[in-house]
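First comes the structure, then the notes that go with it.
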Amino acid sequence: MLTIQDAVAVITGAGGGIGAELANYWVQQGGKVVLSDINETALQQVAAGLKAQGGQVATLVGDTTQEATCARLADLAIETFGGIHLVAPAAGIIRDGLLVAPDRETGKVTKKMSLEDFQAVININLIGVFLTVRECLERMINNRCRGLICLFSSTGSLGTAGQINYSSTKAAMSVMPKVITAELFRRGLAGQIRCVAVAPGYVGTPMVRGMNQKALEKIIEQVPIGRLIEPAEVASLIGELYRNEAIAGDTFFIHGGLRLGSKG
C-alpha cells in the first residue's frame, strides 16, 4: 500500500471543481501538490488556501494543450519536490450542442455543432491530457517514482445526447488506462506506475449547483441516491485508488447509481 504522506501530486484544472478539491484532500493527507490552471486568479486563490493550512504547494499558470507548458509542469514537480507520485489531469471544458439540430416545425436542419466547439473540447479534454500524462510519465520513469496516473472519464462516456465532443473525450479516457497499463507491462513498469480512470456522474461543483434549479431537480430525480456526488467523495476515491497497489488498468464509476435517465 502506498501512503500519501510526502507524496507529490501534479493536478491540472486545479483552480476549481474536482481539481481543487483533490488538491485540498492531498494536502490534508500530508502530501505535496504541484497545481496548474489557465485561470491565474482562481489558481492562486486555491494555492493560498492550501498554504494557509501548511500545505507545500507549487503552481504554474498555463495552457495544457501546449507541449512546453506540460513539460514545464512536470519539471517543476521534480525540481521543487524531487518526484511525481500522482498525476491527475483534471483540466476540462464542455461546449454542449447537438451534432445537427432539425427545426421542430420544418424538419430541416437549422443549426449544427461548430468545428470550433468540437475542436476546443478535443484540444483541452484529450490533447491536454495526453501531453500532461506523457510528460509526467517520462519523468516518473526517469526518476524511478512509484505512483498512479489517474485520468478523469465520466458517465458521459456511455453516450449523452448533446455532448458528442465531450462524450468522445471521456470515452477515450476510459480506454487509456488499459493502453497505458499494457505499455508499462511490456517494459516491466506496471507494478511501479499504475493507471486508472475515475468516472463521476453529476458532481456538486459550484457550476452545477448554480445551474437552473428546475433542470437540476430533474437531474437529481434520475440519481438513485437522490443527490449530487460531492467533490470530496471523488477526491476520496482517488486517494484509495492511489493507496491500493492492486488496482490498475480500469475505470471506476462514482455516480450514485446513475444510468443516464434509465430507472431500470
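By convention in this document, the chains of the C-alpha cells carry letters A, B, ... by their order, each chain's residues are numbered from 1, and ligands are numbered from 1 in the order they are shown.
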
Would you mind listing what lies within 6 Å of Val223 of chain A as a CSV table (one decimal) with N, CA, C and O atoms, in the first residue's frame, with only C-alpha atoms counted and same-chain residues fewer than 3 positions away left out?
```csv
chain,number,residue,atom,x,y,z
A,220,ILE,N,-31.4,15.4,-10.5
A,220,ILE,CA,-31.3,14.6,-9.3
A,220,ILE,C,-32.3,13.5,-9.2
A,220,ILE,O,-32.1,12.5,-8.6
A,226,GLY,N,-30.3,10.0,-4.8
A,226,GLY,CA,-31.1,11.2,-4.5
A,226,GLY,C,-30.4,12.5,-4.3
A,226,GLY,O,-30.9,13.5,-3.8
A,258,LEU,N,-26.4,6.2,-11.1
A,258,LEU,CA,-27.0,6.9,-12.3
A,258,LEU,C,-26.8,6.0,-13.5
A,258,LEU,O,-25.8,5.4,-13.7
```

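DSSP on the backbone gives strand (DSSP E) for these parts of segment 137-180 of chain A: Gly147, Leu148, Ile149, Cys150, Leu151 and Phe152 of chain A.
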
Worksheet item: Which polymer residues have any atom within 8 Å of an atom of Leu184 of chain A, counting only C-alpha atoms, with same-chain residues fewer than 5 positions away left out, as an MDAnalysis selection string?
Response: chainID A and resid 189:190 193

Worksheet item: Which residues come within 12 Å of Val208 of chain A, counting only C-alpha atoms, excluding same-chain residues fewer than 3 positions away, as a PyMOL selection string?
Response: chain A and resi 17-18+201-205+211-213+215-217+219-220+228-231

Pull all heavy atoms from the residues just selected and write them as a short mmCIF file (atom, residue, chain, number, x, y, z; two decimals), in the first residue's frame.
```cif
data_model
loop_
_atom_site.label_atom_id
_atom_site.label_comp_id
_atom_site.auth_asym_id
_atom_site.auth_seq_id
_atom_site.Cartn_x
_atom_site.Cartn_y
_atom_site.Cartn_z
N GLY A 17 -13.46 23.18 -8.86
CA GLY A 17 -14.07 21.88 -9.08
C GLY A 17 -13.32 20.73 -8.43
O GLY A 17 -12.75 20.85 -7.34
N ILE A 18 -13.29 19.60 -9.12
CA ILE A 18 -12.67 18.40 -8.59
C ILE A 18 -11.17 18.58 -8.42
O ILE A 18 -10.58 18.07 -7.46
CB ILE A 18 -12.98 17.19 -9.50
CG1 ILE A 18 -14.49 16.89 -9.48
CG2 ILE A 18 -12.19 15.96 -9.07
CD1 ILE A 18 -14.90 15.83 -10.48
N GLY A 201 -20.43 10.93 -12.01
CA GLY A 201 -21.70 11.33 -12.57
C GLY A 201 -21.86 12.83 -12.38
O GLY A 201 -20.92 13.59 -12.61
N TYR A 202 -23.01 13.26 -11.91
CA TYR A 202 -23.23 14.69 -11.68
C TYR A 202 -22.63 15.08 -10.33
O TYR A 202 -23.07 14.63 -9.28
CB TYR A 202 -24.72 15.02 -11.71
CG TYR A 202 -25.32 14.85 -13.10
CD1 TYR A 202 -26.11 13.74 -13.40
CD2 TYR A 202 -25.08 15.79 -14.09
CE1 TYR A 202 -26.65 13.57 -14.68
CE2 TYR A 202 -25.62 15.63 -15.36
CZ TYR A 202 -26.40 14.52 -15.65
OH TYR A 202 -26.92 14.36 -16.91
N VAL A 203 -21.61 15.94 -10.40
CA VAL A 203 -20.87 16.33 -9.20
C VAL A 203 -21.28 17.74 -8.78
O VAL A 203 -21.45 18.63 -9.62
CB VAL A 203 -19.35 16.27 -9.47
CG1 VAL A 203 -18.57 16.70 -8.23
CG2 VAL A 203 -18.94 14.86 -9.89
N GLY A 204 -21.42 17.93 -7.48
CA GLY A 204 -21.88 19.19 -6.94
C GLY A 204 -20.83 20.28 -6.90
O GLY A 204 -20.53 20.83 -5.84
N THR A 205 -20.29 20.60 -8.05
CA THR A 205 -19.36 21.73 -8.15
C THR A 205 -20.18 23.03 -8.14
O THR A 205 -21.39 23.02 -8.38
CB THR A 205 -18.55 21.65 -9.45
OG1 THR A 205 -19.46 21.69 -10.56
CG2 THR A 205 -17.73 20.36 -9.50
N MET A 211 -26.63 26.05 -11.66
CA MET A 211 -27.42 25.96 -12.90
C MET A 211 -28.90 26.16 -12.60
O MET A 211 -29.31 26.28 -11.45
CB MET A 211 -27.19 24.60 -13.58
CG MET A 211 -27.72 23.41 -12.82
SD MET A 211 -27.30 21.82 -13.60
CE MET A 211 -28.31 21.89 -15.08
N ASN A 212 -29.71 26.23 -13.65
CA ASN A 212 -31.16 26.37 -13.49
C ASN A 212 -31.67 25.32 -12.51
O ASN A 212 -31.45 24.12 -12.71
CB ASN A 212 -31.83 26.21 -14.86
CG ASN A 212 -33.35 26.31 -14.78
OD1 ASN A 212 -34.02 25.37 -14.38
ND2 ASN A 212 -33.86 27.46 -15.18
N GLN A 213 -32.35 25.76 -11.46
CA GLN A 213 -32.71 24.85 -10.38
C GLN A 213 -33.75 23.81 -10.78
O GLN A 213 -33.72 22.68 -10.30
CB GLN A 213 -33.22 25.66 -9.18
CG GLN A 213 -32.13 26.50 -8.52
CD GLN A 213 -30.95 25.65 -8.06
OE1 GLN A 213 -31.07 24.83 -7.16
NE2 GLN A 213 -29.78 25.86 -8.67
N ALA A 215 -33.94 22.48 -13.77
CA ALA A 215 -33.17 21.49 -14.54
C ALA A 215 -32.36 20.62 -13.60
O ALA A 215 -32.24 19.40 -13.80
CB ALA A 215 -32.26 22.20 -15.53
N LEU A 216 -31.82 21.24 -12.55
CA LEU A 216 -31.03 20.48 -11.58
C LEU A 216 -31.91 19.47 -10.84
O LEU A 216 -31.48 18.33 -10.58
CB LEU A 216 -30.37 21.44 -10.59
CG LEU A 216 -29.46 20.82 -9.53
CD1 LEU A 216 -28.33 20.04 -10.19
CD2 LEU A 216 -28.89 21.90 -8.61
N GLU A 217 -33.12 19.86 -10.50
CA GLU A 217 -34.05 18.94 -9.83
C GLU A 217 -34.34 17.72 -10.70
O GLU A 217 -34.41 16.58 -10.21
CB GLU A 217 -35.35 19.66 -9.50
CG GLU A 217 -35.21 20.66 -8.35
CD GLU A 217 -36.48 21.47 -8.15
OE1 GLU A 217 -37.51 21.14 -8.80
OE2 GLU A 217 -36.46 22.42 -7.35
N ILE A 219 -32.37 16.45 -12.92
CA ILE A 219 -31.15 15.63 -12.92
C ILE A 219 -31.12 14.75 -11.68
O ILE A 219 -30.89 13.54 -11.75
CB ILE A 219 -29.89 16.53 -12.99
CG1 ILE A 219 -29.74 17.11 -14.40
CG2 ILE A 219 -28.64 15.74 -12.58
CD1 ILE A 219 -28.65 18.14 -14.51
N ILE A 220 -31.35 15.37 -10.53
CA ILE A 220 -31.27 14.64 -9.27
C ILE A 220 -32.33 13.54 -9.19
O ILE A 220 -32.11 12.49 -8.58
CB ILE A 220 -31.38 15.62 -8.09
CG1 ILE A 220 -30.15 16.54 -8.06
CG2 ILE A 220 -31.51 14.87 -6.76
CD1 ILE A 220 -30.20 17.63 -7.01
N LEU A 228 -26.52 14.93 -5.61
CA LEU A 228 -25.31 15.05 -6.40
C LEU A 228 -24.14 14.36 -5.68
O LEU A 228 -24.19 14.16 -4.46
CB LEU A 228 -24.95 16.52 -6.61
CG LEU A 228 -25.97 17.37 -7.37
CD1 LEU A 228 -25.57 18.84 -7.32
CD2 LEU A 228 -26.11 16.90 -8.82
N ILE A 229 -23.12 14.01 -6.42
CA ILE A 229 -21.90 13.48 -5.83
C ILE A 229 -21.07 14.66 -5.33
O ILE A 229 -20.94 15.67 -6.03
CB ILE A 229 -21.08 12.70 -6.89
CG1 ILE A 229 -21.95 11.66 -7.58
CG2 ILE A 229 -19.85 12.06 -6.25
CD1 ILE A 229 -22.63 10.68 -6.68
N GLU A 230 -20.54 14.55 -4.13
CA GLU A 230 -19.71 15.63 -3.59
C GLU A 230 -18.30 15.54 -4.16
O GLU A 230 -17.74 14.43 -4.29
CB GLU A 230 -19.67 15.55 -2.07
CG GLU A 230 -20.98 15.82 -1.38
CD GLU A 230 -21.51 17.21 -1.64
OE1 GLU A 230 -20.70 18.13 -1.90
OE2 GLU A 230 -22.75 17.39 -1.60
N PRO A 231 -17.69 16.68 -4.50
CA PRO A 231 -16.30 16.66 -4.97
C PRO A 231 -15.36 15.94 -4.01
O PRO A 231 -14.44 15.24 -4.43
CB PRO A 231 -15.95 18.15 -5.10
CG PRO A 231 -17.26 18.82 -5.36
CD PRO A 231 -18.26 18.04 -4.55
#
```

Worksheet item: For Ala48 of chain A, which of A:Ala68, A:Ala20, A:Val10, A:Val196 is the closest residue, counting only C-alpha atoms?
Response: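 For Ala48 of chain A, the nearest of the candidates is A:Ala20.
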